[in-house]
Amino acid sequence: MSTGVRIVRSSCRGCHGVCQVLVHMNDDKIVRITGDPESLTSKGFICPKGATAAELLYHPDRLKYPLRRAGKRGENRWQRVTWEEALDEMTSRFDEIRRDSGSEYLAVAQGTGRPYTEFTMRFANAYGTPNFINPGHMCYLPRIIGSSITLGNLPVSDIYGFGGKMPACILIWGCNNTATGASDGMCGSMLKKALKSADQVIVIDPRRTSAAAKADYWLQIRPGTDCALALAMIHIIIQEDLYDHEFVSKYCFGFERLAEHVRIFTPEWAAPITRIPAETIRTAARIYAKTKPACLQWGNGVDTTINGFQTGRAMLILMSITGNIDQPGGNVFWVSPAGIKSKSPLTEQNVAGGQFLPAGQVERVISQNKFPFAPNCHPPTFWKSVISGVPYRVRGMWIIGSNPLVTATQGLTIEEALRNHLEYTVVSDLFMTPTAQLADLVLPAAHWLEQDDVVYMHKIWCVLSRKKFTQVGESRDDRDVIFDIAHRLGLNEAFPWPSRYEYLNWLLEDLGMSFDEFKEKDILVGAMVYRKFEKDGGFHTPSGKVELYSNVMESRGRPPLPVYVEPPLSPQALPDGYPLILVAGSKVLEFFHSEMHQVEALRRMHTAPRVQIHPKTAAAYNILNEEWVILESPYGRAKLKAQIFDGIAEDVVYADHAWWYPEAKAPEYRWKESCVNLLAGDRFFDPDTGAEPLKCLSCNITKASADHSQKRTRVSR
Ligand SMILES: Nc1nc2c(c(=O)[nH]1)N[C@H]1C(S)=C(S)[C@@H](COP(=O)(O)OP(=O)(O)OC[C@H]3O[C@@H](n4cnc5c(=O)[nH]c(N)nc54)[C@H](O)[C@@H]3O)O[C@H]1N2
Ligand SMILES: Nc1nc2c(c(=O)[nH]1)N[C@H]1C(S)=C(S)[C@@H](COP(=O)(O)OP(=O)(O)OC[C@H]3O[C@@H](n4cnc5c(=O)[nH]c(N)nc54)[C@H](O)[C@@H]3O)O[C@H]1N2
Ligand code: SF4
Ligand SMILES: [Mo]
C-alpha cells in the first residue's frame with residue numbers, strides 16, 4: 001500500500017541522542033532526515049551523523065540475519081540460521097553454563113549507554129552474574145558517582161533558560177560537544193547558543209577547540225593535571241573570600257577541613273604542574289566565582305585521568321562553594337516529567353545515582369571489585385582474567401553493542417581471550433566488526449530508525465518518542481532479544497512483561513497514556529523547580545548536605561578531600577624515547593567511536609585517522625601535513641595522518657581513536673593498523689573507579705615511510 005510522501009517526527013540516536021528530527025518518507029523508504037525547528041531540545045539542529053542515519057540504516061553491509069560460526073573461530077565462515085535456532089542455541093548454552101559451572105561463568109558486556117542499557121544490567125543480575133562489562137569506568141560514571149556521593153545527584157548546566165536566567169559565565173572543562181554534536185544528553189548547539197549570551201566564557205582544554213577559539217579565556221592545560229588546577233581555583237576562591245557564605249554555612253559539610261586542605265595548593269604550586277600561569281589561574285577563579293550565575297560544563301576529558309574521580313569531586317566543590325548549585329543558569333538537577341515509571345523497575349538507585357541497577361547488585365558488585373565505586377567489572381582486569389583463569393575462567397559471553405577490540409584498551413588481550421579462551425561468545429551488532437568476527441553467534445541488531453521507544457536515558461528534563469519506520473532484513477531490537485532469552489531461561493520475575501510492547505505501555509500507564517498515544521505527543525516535559533534543597537530537606541548524602549568533605553570516601557578508606565596525582569604515563573615518568581604527551585582520542589563530529597566508518601558521506605568529511613601536531617614539532621620531526629606517521633608508545637603503535645595544528649602545545653599530540661577500516665578485508669579489517677588504543681598501557685587505573693588515563697599517555701612519532709619495525713627513533717627533549 002502506498003503511503004506517499006510524509007514527514008514524521010522522531011528523536012535521533014546517532015550519539016547519546018537528544019535531538020528531535022524530522023524523518024522524510026516516501027512510501028516505506030526514508031529519503032531524508034532533517035533537524036526539527038520546533039524541537040525544544042535541539043531547535044532544528046542536526047549533525048552529519050543524524051543527517052546520514054539512513055545511509056547507515058540501509059548500508060549493504062548491515063547484518064540482516066543471525067549467523068552461526070561455520071569454520072574455525074575468526075575464520076570468517078558463517079552460516080545463516082533462523083532466529084529460532086539462534087535463540088535455542090543461546091538458551092541451551094547459557095543454561096548449561098549456569099547449571100554446570102555457575103552463573104558467574106557467563107559475562108554480559110555492553111558498549112556505551114544505549115537503549116539496551118535498561119535491560120543488559122537487569123539481565124546480568126537476573127541470570128546471576130556479577131561479570132557485567134562496559135566502558136562506564138572511563139566514561140561518565142566517574143562523574144555520576146562523584147556527584148552522587150557529593151550532592152546526591154548529577155548537576156547539569158542550565159542552558160535552556162527555564163528559570164528566566166541564562167548562565168552569565170560558562171566554564172567548559174574537558175568537553176567539546178559544541179564541535180562534536182552532543183554529549184551526556186546535552187545538545188552542543190544549545191550550549192553554543194548559551195555561549196553567545198554569556199558574559200564570560202572560559203575553556204580548559206589542551207587543544208584550541210572551536211569553543212576555546214571564541215572564549216574569553218582559553219586555559220591550555222597540560223593533559224591530566226586538571227585536579228591541580230581545580231584545587232588552586234578552590235584555594236583562590238576561599239583565600240579571597242569569594243565563596244557563597246550563606247550556601248556554604250547552611251548547606252555544605254566540611255568547609256573548614258576543605259579550607260585547611262587547599263591552603264597549600266596555591267596558583268604558584270599549580271602553575272608548573274598545569275603549565276597555566278598563576279595569574280591566569282587567579283583570573284579564572286575570580287571570574288568563575290564572581291560572575292553569577294555560572295555553570296561548569298564538564299566532559300569526558302575529566303574522567304580519563306588517573307585521578308579523574310577526584311578531579312570531578314573538585315569540580316563539584318567549585319560549583320558548590322560558589323553557590324551555583326540548583327540555581328537558574330547554574331548547575332542544576334533536572335526534573336523529569338512526572339508520572340513516567342523508571343526505566344528499570346523493581347530496582348534501587350545505585351551509588352551511581354540516576355543509573356539504576358537491579359536490587360542487590362550494587363553491593364555485590366562492589367564487594368568483588370577492587371575499585372570501590374565502580375558498579376561494573378573492570379574491563380581490563382576482566383579480560384586478563386579470561387586468559388589467566390584467575391580467579392576463575394569465564395566460559396561464555398554476550399557482547400551487546402560494543403566493539404572492544406577497537407574501543408577498549410588491551411585490544412590484543414581481548415582478541416586472545418575471544419579467540420582462544422572463551423568457550424561461547426554471542427555478539428549483537430548492526431555490522432560485522434573485528435570483535436564480532438571472533439564470536440560463535442552474531443545477532444543483527446536494530447538501528448534507531450527501526451525502534452519504537454520511550455527515550456529518556458540521559459538525565460534530561462524531557463522524554464522523547466522514537467519510532468520504528470522500517471526494518472532491514474531480520475534485525476531485532478536488542479531488548480526484544482533480551483526479553484526472549486530471559487523468558488526462555490525462566491527469568492520471568494525480573495522480566496514480568498510479555499514483550500517490550502507491554503513494557504513500553506507499562507512505563508506510561510500512570511499517565512493514562514498508551515505508547516501509541518505517546519508517539520503522537522513526541523515529547524513530555526518535566527516541570528522545572530530550582531533550589532529544591534531548600535524544600536526537600538537538603539541533599540541526598542549521608543550528612544544531608546553537600547559533602548565537600550566526603551563521608552562516603554572516608555568510610556571506604558579513600559581520601560575524603562580531592563588530591564592531585566601526577567599522570568603516571570607522562571613522558572617525565574617513562575624511559576627515553578617517548579617525549580611527546582599523547583591525548584589518545586576524543587570524540588569527533590563525524591563518527592560515534594568505532595561506528596559509522598562505513599558511511600561514505602562521513603568518510604568524505606573525515607577521510608583518515610588524524611594526529612594533530614604543532615607546526616614546530618612537525619618541522620623538528622620532518623613531518624608534513626597529511627603525511628602518514630607512526631605513533632609509538634612502550635605498549636604499541638598506530639599509523640595515522642598528520643594534521644599540522646598550532647592549537648596544541650609543542651610537546652602534545654592528539655590522535656583520533658577507534659579507527660578500523662570496514663571496507664578492508666575481513667576478518668581483521670586492518671583494525672590493528674590505526675588503533676591508538678593499542679598505545680595505552682595496562683598498569684595504571686584510577687583507584688576509585690578504575691578509569692584509564694587515555695588522555696595523558698606518551699609517545700614518539702616517526703614518518704610511516706621509515707623502517708619502523710627495526711628501530712625506534714630516540715628523540716631527546
Ligand atoms: N582512546 C580512546 N578510547 C575510548 C574513548 C576515548 O575518548 N579515547 N572513549 C571511550 C568512551 S567514552 C566510550 S563510551 C567507549 C565506547 O565504546 P563502544 O560502545 O564499544 O563503542 P562504539 O564504537 O560506539 O560501539 C560499538 C558497536 O556497537 C554497535 N551498535 C550501535 N548501536 C547499537 C545498538 O543499538 N545495538 C547493538 N547491539 N549494537 C549497536 C556499533 O555498530 C558498534 O560496532 O569508547 C571508549 N574508548
Ligand atoms: N560525535 C560524537 N559525539 C559523541 C561521541 C562520539 O563518539 N562522537 N561519543 C559520546 C560519548 S560516549 C561521550 S562519553 C561524550 C564525551 O564527549 P566530551 O565530554 O566532549 O569528551 P571528549 O570528546 O572525549 O573530550 C572533550 C575534550 O577534552 C579535551 N581533553 C583531553 N585531555 C584533556 C585533559 O587532560 N584535560 C582537559 N581539561 N581536557 C582534555 C579534548 O581535547 C576534548 O576537546 O561524547 C558523546 N558524543
Ligand atoms: S548530535 Fe547526536 S542526537 Fe543530535 S543529530 Fe547528531 S547524532 Fe543525532
Ligand atoms: Mo562515553
# chains A, B, ... in the order shown; residues from 1 in each chain; ligands from 1
call {"tool": "select_by_dssp", "arguments": {"residues": "range 162-310 of chain A", "states": "alpha helix (DSSP H)", "output": "VMD selection string"}}
result
chain A and resid 177 to 180 188 to 197 210 to 214 226 to 239 245 to 251 255 to 262 267 to 274 278 to 290 300 to 303 308 to 310
call {"tool": "closest_atom_pairs", "arguments": {"of": "chain A", "to": "ligand 4", "cutoff": "10 Å", "atoms": "only C-alpha atoms and all ligand atoms", "output": "tab-separated table"}}
result
residue	atom	partner	partner_atom_place_in_ligand_line	distance
A:Cys15	CA	ligand 4	1 (Mo)	9.7
A:His16	CA	ligand 4	1 (Mo)	8.7
A:Gly111	CA	ligand 4	1 (Mo)	8.8
A:Thr112	CA	ligand 4	1 (Mo)	5.7
A:Gly113	CA	ligand 4	1 (Mo)	7.7
A:Asn134	CA	ligand 4	1 (Mo)	10.0
A:Pro135	CA	ligand 4	1 (Mo)	7.0
A:Gly136	CA	ligand 4	1 (Mo)	7.1
A:His137	CA	ligand 4	1 (Mo)	9.5
A:Met138	CA	ligand 4	1 (Mo)	7.4
A:Cys139	CA	ligand 4	1 (Mo)	4.5
A:Tyr140	CA	ligand 4	1 (Mo)	6.5
A:Leu141	CA	ligand 4	1 (Mo)	9.2
A:Ser183	CA	ligand 4	1 (Mo)	8.2
A:Asp184	CA	ligand 4	1 (Mo)	8.2
A:Gly299	CA	ligand 4	1 (Mo)	9.4
A:Asn300	CA	ligand 4	1 (Mo)	7.0
A:Asp303	CA	ligand 4	1 (Mo)	9.6
A:Ser586	CA	ligand 4	1 (Mo)	9.6
A:Lys587	CA	ligand 4	1 (Mo)	8.8
A:Phe592	CA	ligand 4	1 (Mo)	9.5
A:His593	CA	ligand 4	1 (Mo)	8.6
call {"tool": "residues_near_ligand", "arguments": {"ligand": "ligand 1", "cutoff": "8 Å", "atoms": "only C-alpha atoms and all ligand atoms", "output": "JSON, numbers by chain"}}
result
{"A": [110, 111, 112, 113, 114, 115, 116, 134, 135, 136, 138, 139, 140, 300, 301, 304, 399, 400, 401, 402, 403, 404, 406, 407, 408, 409, 427, 428, 429, 430, 431, 432, 433, 443, 444, 445, 446, 447, 448, 477, 478, 584, 585, 586, 587, 592, 593, 594, 595, 596, 656, 657, 658, 676, 677, 680, 694, 695]}
call {"tool": "residues_around", "arguments": {"residues": "range 211-220 of chain A", "least_positions_apart": "6", "cutoff": "6 Å", "atoms": "only C-alpha atoms", "output": "JSON, numbers by chain"}}
result
{"A": [201, 202, 203, 204, 205]}
call {"tool": "residues_around", "arguments": {"residues": "Val394 in chain A", "least_positions_apart": "3", "cutoff": "7 Å", "atoms": "only C-alpha atoms", "output": "short mmCIF file (atom, residue, chain, number, x, y, z; two decimals) with all heavy atoms, in the first residue's frame"}}
result
data_model
loop_
_atom_site.label_atom_id
_atom_site.label_comp_id
_atom_site.auth_asym_id
_atom_site.auth_seq_id
_atom_site.Cartn_x
_atom_site.Cartn_y
_atom_site.Cartn_z
N TYR A 105 29.93 -17.68 35.45
CA TYR A 105 30.76 -18.11 34.31
C TYR A 105 30.24 -17.56 32.98
O TYR A 105 30.82 -17.81 31.94
CB TYR A 105 30.88 -19.63 34.27
CG TYR A 105 31.86 -20.13 35.32
CD1 TYR A 105 31.51 -20.19 36.66
CD2 TYR A 105 33.16 -20.51 34.97
CE1 TYR A 105 32.41 -20.61 37.64
CE2 TYR A 105 34.07 -20.93 35.92
CZ TYR A 105 33.70 -20.98 37.26
OH TYR A 105 34.59 -21.38 38.20
N LEU A 106 29.13 -16.82 33.04
CA LEU A 106 28.69 -16.09 31.84
C LEU A 106 28.92 -14.60 32.10
O LEU A 106 28.55 -14.10 33.17
CB LEU A 106 27.20 -16.34 31.56
CG LEU A 106 26.66 -15.59 30.33
CD1 LEU A 106 27.07 -16.31 29.04
CD2 LEU A 106 25.15 -15.44 30.39
N ALA A 107 29.51 -13.90 31.14
CA ALA A 107 29.67 -12.45 31.26
C ALA A 107 28.74 -11.76 30.28
O ALA A 107 28.46 -12.29 29.21
CB ALA A 107 31.12 -12.06 30.98
N VAL A 386 40.12 -13.67 31.90
CA VAL A 386 39.63 -14.69 30.96
C VAL A 386 40.81 -15.53 30.46
O VAL A 386 40.71 -16.74 30.26
CB VAL A 386 38.87 -14.06 29.77
CG1 VAL A 386 38.50 -15.11 28.74
CG2 VAL A 386 37.62 -13.32 30.25
N LEU A 422 37.48 -18.03 25.61
CA LEU A 422 36.04 -18.14 25.87
C LEU A 422 35.48 -19.30 25.07
O LEU A 422 35.83 -19.50 23.91
CB LEU A 422 35.33 -16.83 25.49
CG LEU A 422 35.48 -15.70 26.53
CD1 LEU A 422 35.11 -14.37 25.91
CD2 LEU A 422 34.59 -15.96 27.74
#
call {"tool": "closest_residue", "arguments": {"among": "A:Trp298, A:Trp334, A:Phe123, A:Tyr392", "to": "Phe162 in chain A", "atoms": "only C-alpha atoms"}}
result
A:Trp334
call {"tool": "residues_around", "arguments": {"residues": "Gln327 in chain A", "least_positions_apart": "5", "cutoff": "10 Å", "atoms": "only C-alpha atoms", "output": "list in words"}}
result
Asp158, Gly163, Lys165, Pro167, Lys292, Pro293, Ala294, Cys295, Val332, Phe333, Val529, Tyr530, Arg531 and Lys532 of chain A
call {"tool": "residues_near_ligand", "arguments": {"ligand": "ligand 3", "cutoff": "9 Å", "atoms": "only C-alpha atoms and all ligand atoms", "output": "number ranges by chain"}}
result
A: 11-21, 34-35, 42, 45-51, 53, 177, 180-183, 185-189, 589-592
call {"tool": "write_last_selection", "arguments": {"atoms": "C-alpha atoms", "output": "tab-separated table (two decimals), in the first residue's frame"}}
result
chain	number	residue	atom	x	y	z
A	11	SER	CA	14.41	11.53	18.00
A	12	CYS	CA	17.91	10.73	16.86
A	13	ARG	CA	20.20	8.19	18.43
A	14	GLY	CA	23.28	8.81	16.31
A	15	CYS	CA	25.06	9.68	19.51
A	16	HIS	CA	23.66	9.51	23.01
A	17	GLY	CA	20.85	11.43	21.49
A	18	VAL	CA	18.87	14.45	22.40
A	19	CYS	CA	17.97	15.97	19.02
A	20	GLN	CA	14.47	15.75	17.66
A	21	VAL	CA	14.44	15.13	13.96
A	34	THR	CA	16.46	16.93	8.95
A	35	GLY	CA	16.52	18.83	12.24
A	42	SER	CA	17.58	20.94	19.76
A	45	PHE	CA	19.94	21.33	14.91
A	46	ILE	CA	21.14	18.19	13.21
A	47	CYS	CA	24.72	16.97	12.84
A	48	PRO	CA	26.16	14.92	9.98
A	49	LYS	CA	25.68	11.65	11.91
A	50	GLY	CA	21.97	12.35	12.27
A	51	ALA	CA	21.58	13.62	8.72
A	53	ALA	CA	21.50	7.98	9.52
A	177	ASN	CA	30.21	18.92	22.50
A	180	THR	CA	31.03	17.07	18.13
A	181	GLY	CA	27.23	17.34	18.28
A	182	ALA	CA	26.05	16.25	21.69
A	183	SER	CA	27.28	14.55	24.83
A	185	GLY	CA	22.23	14.30	26.99
A	186	MET	CA	23.21	17.85	26.10
A	187	CYS	CA	22.84	19.26	22.61
A	188	GLY	CA	26.06	21.08	21.68
A	189	SER	CA	24.17	23.54	19.54
A	589	LEU	CA	31.86	15.18	14.81
A	590	GLU	CA	31.56	12.62	12.03
A	591	PHE	CA	31.70	9.33	13.91
A	592	PHE	CA	30.47	7.74	17.07
call {"tool": "residues_around", "arguments": {"residues": "range 235-252 of chain A", "least_positions_apart": "2", "cutoff": "8 Å", "atoms": "only C-alpha atoms", "output": "list in words"}}
result
Leu231, Ala232, Met233, Gly254, Phe255, Ala259, Val262, Arg263, Phe265, Thr266, Pro267, Arg282, Ala285, Arg286, Ala289, Lys290, Ser320, Ile321, Thr322, Gly323, Gly538, Lys545, Val546, Glu547 and Leu548 of chain A
call {"tool": "residues_around", "arguments": {"residues": "Tyr549 in chain A", "least_positions_apart": "6", "cutoff": "9 Å", "atoms": "only C-alpha atoms", "output": "PDB file with all heavy atoms, in the first residue's frame"}}
result
ATOM      1  N   THR A 150      28.700  13.346  46.496  1.00  0.00           N
ATOM      2  CA  THR A 150      28.930  14.732  46.931  1.00  0.00           C
ATOM      3  C   THR A 150      27.615  15.499  47.084  1.00  0.00           C
ATOM      4  O   THR A 150      27.417  16.242  48.043  1.00  0.00           O
ATOM      5  CB  THR A 150      29.841  15.462  45.918  1.00  0.00           C
ATOM      6  OG1 THR A 150      31.028  14.672  45.723  1.00  0.00           O
ATOM      7  CG2 THR A 150      30.241  16.837  46.412  1.00  0.00           C
ATOM      8  N   CYS A 252      26.598  23.130  53.229  1.00  0.00           N
ATOM      9  CA  CYS A 252      27.801  22.354  52.919  1.00  0.00           C
ATOM     10  C   CYS A 252      28.403  21.711  54.177  1.00  0.00           C
ATOM     11  O   CYS A 252      28.366  22.307  55.253  1.00  0.00           O
ATOM     12  CB  CYS A 252      28.858  23.231  52.244  1.00  0.00           C
ATOM     13  SG  CYS A 252      28.341  23.782  50.607  1.00  0.00           S
ATOM     14  N   PHE A 253      28.974  20.542  53.963  1.00  0.00           N
ATOM     15  CA  PHE A 253      29.595  19.798  55.060  1.00  0.00           C
ATOM     16  C   PHE A 253      31.111  19.789  54.852  1.00  0.00           C
ATOM     17  O   PHE A 253      31.591  19.459  53.777  1.00  0.00           O
ATOM     18  CB  PHE A 253      29.043  18.365  55.064  1.00  0.00           C
ATOM     19  CG  PHE A 253      29.689  17.462  56.074  1.00  0.00           C
ATOM     20  CD1 PHE A 253      29.272  17.458  57.403  1.00  0.00           C
ATOM     21  CD2 PHE A 253      30.727  16.613  55.699  1.00  0.00           C
ATOM     22  CE1 PHE A 253      29.875  16.630  58.335  1.00  0.00           C
ATOM     23  CE2 PHE A 253      31.336  15.774  56.624  1.00  0.00           C
ATOM     24  CZ  PHE A 253      30.908  15.787  57.948  1.00  0.00           C
ATOM     25  N   GLY A 254      31.864  20.175  55.904  1.00  0.00           N
ATOM     26  CA  GLY A 254      33.321  20.020  55.866  1.00  0.00           C
ATOM     27  C   GLY A 254      34.083  21.196  55.284  1.00  0.00           C
ATOM     28  O   GLY A 254      35.210  21.029  54.821  1.00  0.00           O
ATOM     29  N   PHE A 255      33.461  22.388  55.309  1.00  0.00           N
ATOM     30  CA  PHE A 255      34.142  23.532  54.680  1.00  0.00           C
ATOM     31  C   PHE A 255      35.486  23.841  55.338  1.00  0.00           C
ATOM     32  O   PHE A 255      36.470  24.111  54.650  1.00  0.00           O
ATOM     33  CB  PHE A 255      33.242  24.775  54.695  1.00  0.00           C
ATOM     34  CG  PHE A 255      33.883  25.960  54.047  1.00  0.00           C
ATOM     35  CD1 PHE A 255      34.013  26.046  52.668  1.00  0.00           C
ATOM     36  CD2 PHE A 255      34.412  27.005  54.825  1.00  0.00           C
ATOM     37  CE1 PHE A 255      34.624  27.125  52.064  1.00  0.00           C
ATOM     38  CE2 PHE A 255      35.032  28.091  54.227  1.00  0.00           C
ATOM     39  CZ  PHE A 255      35.132  28.150  52.843  1.00  0.00           C
ATOM     40  N   ARG A 257      37.542  21.931  56.904  1.00  0.00           N
ATOM     41  CA  ARG A 257      38.573  20.957  56.535  1.00  0.00           C
ATOM     42  C   ARG A 257      39.034  21.166  55.084  1.00  0.00           C
ATOM     43  O   ARG A 257      40.209  21.007  54.757  1.00  0.00           O
ATOM     44  CB  ARG A 257      38.063  19.531  56.761  1.00  0.00           C
ATOM     45  CG  ARG A 257      38.213  19.126  58.230  1.00  0.00           C
ATOM     46  CD  ARG A 257      37.795  17.713  58.473  1.00  0.00           C
ATOM     47  NE  ARG A 257      36.336  17.614  58.555  1.00  0.00           N
ATOM     48  CZ  ARG A 257      35.692  16.510  58.929  1.00  0.00           C
ATOM     49  NH1 ARG A 257      36.365  15.429  59.243  1.00  0.00           N
ATOM     50  NH2 ARG A 257      34.378  16.495  58.988  1.00  0.00           N
ATOM     51  N   LEU A 258      38.085  21.552  54.243  1.00  0.00           N
ATOM     52  CA  LEU A 258      38.451  21.851  52.855  1.00  0.00           C
ATOM     53  C   LEU A 258      39.406  23.042  52.809  1.00  0.00           C
ATOM     54  O   LEU A 258      40.448  23.009  52.132  1.00  0.00           O
ATOM     55  CB  LEU A 258      37.192  22.161  52.020  1.00  0.00           C
ATOM     56  CG  LEU A 258      37.458  22.681  50.609  1.00  0.00           C
ATOM     57  CD1 LEU A 258      38.009  21.566  49.710  1.00  0.00           C
ATOM     58  CD2 LEU A 258      36.190  23.279  49.973  1.00  0.00           C
ATOM     59  N   PRO A 560      39.003  11.774  51.618  1.00  0.00           N
ATOM     60  CA  PRO A 560      37.712  12.474  51.622  1.00  0.00           C
ATOM     61  C   PRO A 560      37.767  13.842  50.966  1.00  0.00           C
ATOM     62  O   PRO A 560      36.732  14.425  50.674  1.00  0.00           O
ATOM     63  CB  PRO A 560      37.385  12.635  53.109  1.00  0.00           C
ATOM     64  CG  PRO A 560      38.439  11.888  53.860  1.00  0.00           C
ATOM     65  CD  PRO A 560      39.600  11.697  52.964  1.00  0.00           C
ATOM     66  N   LEU A 561      38.989  14.361  50.750  1.00  0.00           N
ATOM     67  CA  LEU A 561      39.134  15.631  50.040  1.00  0.00           C
ATOM     68  C   LEU A 561      40.017  15.370  48.819  1.00  0.00           C
ATOM     69  O   LEU A 561      40.929  14.539  48.872  1.00  0.00           O
ATOM     70  CB  LEU A 561      39.776  16.678  50.954  1.00  0.00           C
ATOM     71  CG  LEU A 561      38.846  17.166  52.090  1.00  0.00           C
ATOM     72  CD1 LEU A 561      39.643  17.845  53.191  1.00  0.00           C
ATOM     73  CD2 LEU A 561      37.766  18.092  51.546  1.00  0.00           C
ATOM     74  N   PRO A 562      39.740  16.071  47.699  1.00  0.00           N
ATOM     75  CA  PRO A 562      40.456  15.750  46.458  1.00  0.00           C
ATOM     76  C   PRO A 562      41.962  15.937  46.570  1.00  0.00           C
ATOM     77  O   PRO A 562      42.426  16.921  47.146  1.00  0.00           O
ATOM     78  CB  PRO A 562      39.884  16.750  45.444  1.00  0.00           C
ATOM     79  CG  PRO A 562      38.628  17.260  46.039  1.00  0.00           C
ATOM     80  CD  PRO A 562      38.740  17.134  47.522  1.00  0.00           C
TER      81      PRO A 562
END
call {"tool": "atom_distance", "arguments": {"atom1": "CA of Glu566 in chain A", "atom2": "CA of Asn700 in chain A"}}
result
20.2 Å
call {"tool": "closest_residue", "arguments": {"among": "A:Leu640, A:Ile317, A:Ala691, A:Val583", "to": "ligand 2", "atoms": "only C-alpha atoms and all ligand atoms"}}
result
A:Val583
call {"tool": "closest_residue", "arguments": {"among": "A:Leu569, A:Val653, A:Leu418, A:Ala486", "to": "Thr91 in chain A", "atoms": "only C-alpha atoms"}}
result
A:Ala486
call {"tool": "atom_distance", "arguments": {"atom1": "atom 27 (C, counted along the ligand's line) of ligand 2", "atom2": "CA of Asn176 in chain A"}}
result
4.8 Å
call {"tool": "closest_residue", "arguments": {"among": "A:Tyr635, A:Tyr65, A:Phe539, A:Tyr654", "to": "ligand 2", "atoms": "only C-alpha atoms and all ligand atoms"}}
result
A:Tyr654
call {"tool": "atom_distance", "arguments": {"atom1": "CA of Leu524 in chain A", "atom2": "CA of Ala168 in chain A"}}
result
28.2 Å
call {"tool": "closest_residue", "arguments": {"among": "A:Asn131, A:Thr470, A:Thr311, A:Ser147", "to": "ligand 2", "atoms": "only C-alpha atoms and all ligand atoms"}}
result
A:Thr311
call {"tool": "closest_residue", "arguments": {"among": "A:Arg207, A:His458, A:Lys616, A:Arg93", "to": "ligand 2", "atoms": "only C-alpha atoms and all ligand atoms"}}
result
A:Arg207
call {"tool": "select_by_dssp", "arguments": {"residues": "range 169-270 of chain A", "states": "strand (DSSP E or B)", "output": "ChimeraX atom specification"}}
result
/A:169-173,182-183,186-187,200-204,217-219,252-253
call {"tool": "decode", "arguments": {"residues": "range 115-120 of chain A", "atoms": "all heavy atoms", "output": "compact mmCIF listing (two decimals), in the first residue's frame"}}
result
# COMPACT_ATOMS: atom_id res chain seq x y z
N PRO A 115 19.88 2.26 24.14
CA PRO A 115 18.58 1.78 24.62
C PRO A 115 18.64 0.44 25.34
O PRO A 115 17.88 0.18 26.26
CB PRO A 115 17.75 1.69 23.34
CG PRO A 115 18.34 2.75 22.45
CD PRO A 115 19.82 2.75 22.76
N TYR A 116 19.60 -0.43 24.96
CA TYR A 116 19.64 -1.74 25.61
C TYR A 116 20.02 -1.66 27.08
O TYR A 116 19.79 -2.58 27.85
CB TYR A 116 20.62 -2.68 24.90
CG TYR A 116 21.99 -2.09 24.58
CD1 TYR A 116 22.82 -1.62 25.60
CD2 TYR A 116 22.45 -1.99 23.27
CE1 TYR A 116 24.07 -1.07 25.32
CE2 TYR A 116 23.70 -1.44 22.99
CZ TYR A 116 24.50 -0.98 24.02
OH TYR A 116 25.73 -0.44 23.75
N THR A 117 20.65 -0.53 27.49
CA THR A 117 21.23 -0.43 28.83
C THR A 117 20.24 -0.80 29.92
O THR A 117 20.58 -1.42 30.93
CB THR A 117 21.76 1.00 29.08
OG1 THR A 117 22.72 1.28 28.07
CG2 THR A 117 22.42 1.13 30.45
N GLU A 118 18.98 -0.42 29.74
CA GLU A 118 17.99 -0.67 30.78
C GLU A 118 17.83 -2.17 31.06
O GLU A 118 17.38 -2.54 32.14
CB GLU A 118 16.65 -0.07 30.39
CG GLU A 118 16.07 -0.70 29.14
CD GLU A 118 15.01 0.17 28.49
OE1 GLU A 118 15.35 1.00 27.64
OE2 GLU A 118 13.83 0.01 28.83
N PHE A 119 18.15 -3.02 30.08
CA PHE A 119 17.94 -4.45 30.27
C PHE A 119 19.20 -5.30 30.33
O PHE A 119 19.16 -6.43 30.78
CB PHE A 119 17.02 -5.01 29.18
CG PHE A 119 15.59 -4.59 29.34
CD1 PHE A 119 14.76 -4.50 28.23
CD2 PHE A 119 15.07 -4.29 30.59
CE1 PHE A 119 13.44 -4.11 28.38
CE2 PHE A 119 13.75 -3.89 30.74
CZ PHE A 119 12.93 -3.80 29.63
N THR A 120 20.33 -4.76 29.89
CA THR A 120 21.56 -5.57 29.95
C THR A 120 21.92 -5.85 31.41
O THR A 120 22.18 -6.98 31.79
CB THR A 120 22.73 -4.86 29.25
OG1 THR A 120 22.72 -3.49 29.62
CG2 THR A 120 22.64 -4.99 27.75
